[in-house]
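Each remark here refers to the structure printed beneath this line.
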Amino acid sequence: MSGMVGVSSKWWFLFCVLSVCGFMAVAWIAGVLSSLPEGRSGHVVEWQAADLRHAPGSGSSIPGAYRLVLDTQGRALLPLPLADLSADAYRFLTIEAESVRSLTHAVLLWSVRSRHDPLFIQQSPPIGPLQQASLPIYGWSGIWLDLSSLPEWSGDLARVGIALQGPPGAEISIHQVRLAPDTMANRLAWFFAGWARYDPLAQWSINVFKGNGIDPPIKFRMPFVVTFLAVGLLLYGLLLVSRRFRPPFDWRVAGGLLLIAWFALDAPWQWQLWRQAMDAEKAFAGKTQGEKALSGPDASIYQLTQGVYPLLGPPPARVFIATSQEYLGLRAAYRLYPHNPYWARGRVNELPSANQLKPGDFVLTLRSTVVKYEPESGELKWPDDQRISAEPLYADPTGQLYRVH
């Protein structure tokens, strides 16, 4: 028995590692075996670097990749050659590329051939409208797009292309583009490719690991990890009660399995925070408060309020904010303090009745769809036949400032 204690103490870590490797191997083998029948009837479509061409932008073939250079407007279009492909036969689009994180946006473009009209004779079906879907460019294992989440991905493909947007002159090296059928092996690869997908820094980043409908659902991670933990503990329990070995219980085995499961769930969150901290340092470090505001998500609001503020006079001026967009209203009210901003948050009417406004008050409209200014009469007008005389003082794409007469 003392010999078994030594073995258990010595090899507890090895048991945990073997549990992880064994579980992953079983999942992979199950995926491959379950995909064999479909794999015989279907096929994977691959476009290698030598098959790719560009328009617009500039590009050239380099060893093992096709290098795309974004044009002066930061754009490039990569059409993919087609040959009688049906969208319904493919669930996943994968792209192996380098430097995609320098992009600001990437889109899959496609159109399908309309079906024959039985009432008319047509030489070839007409091509339907161009469809598009955003590509998740922040993955850690290439770009994976679940095409089944796109209702328009159906029918005979007429055109397929990839549109890229980023800094002018940026270089993107594309190694391979694939269309893959819906098999268990591809589902597992898609699932693990999205395990630690990176979400760029946003307002909710400190509290939420958001994800989106394109990526593997986050809710699948917990059942997967719980299954691993249950299987590992079950195997260890069977080893404890086996007649041949009967090793003593070692808490480090159970603790090690639990630690691995916890780390697998927590690692994506920590990966997010680490990358987002790097993004925040790159965007804001060493800048003044004004420069930070211009680099943040409410840069347009900051620019507007900076232009409006000198026109309001000494605080506290009464400023009525007219908008139905909660974010714009919140940020504008915050930026206007210590003036006296009024915003009818959550109310049907963006402004109170006209008799509650008095000469010298200000009205700030932020992309309002109900408050209109009539230059002919010099009046602001909003629903319920409310109107008041006012003059425009300031305007930019985000909003307009008026002074009540």
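Residue numbers start at 1 in each chain; chains themselves are named A, B, ... in the order of the structure tokens; ligands are numbered from 1 in the order shown.
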Next on the checklist: Report as a PyMOL selection string all protein, DNA and RNA residues lying within 8 Å of A:Val370, evaluated on only C-alpha atoms, omitting residues in the same chain fewer than 6 positions from it.
Outcome noted: chain A and resi 350+382-383
Item to check | strand (DSSP E or B) residues, from DSSP on the backbone, in stretch 201-340 of chain A, as a PyMOL selection string | outcome: chain A and resi 318-322+340
Item to check | atom CA of A:Pro200 to atom CA of A:Ser99, distance in Å rounded to a single decimal | outcome: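 Going from atom CA of A:Pro200 over to atom CA of A:Ser99 covers 15.3 Å.
Of the listed residues (A:Trp144, A:Trp47, A:Trp271, A:Trp262), A:Trp47 comes nearest to A:Ile174; the distances count only C-alpha atoms.
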Checklist entry - Please, what distance in Å, to one decimal, runs between atom CA of A:Lys287 and atom CA of A:Arg101? => result 23.4 Å
Checklist entry - Do you have the atom CA of A:Gln270-atom CA of A:Gly194 distance handy? => result 14.9 Å
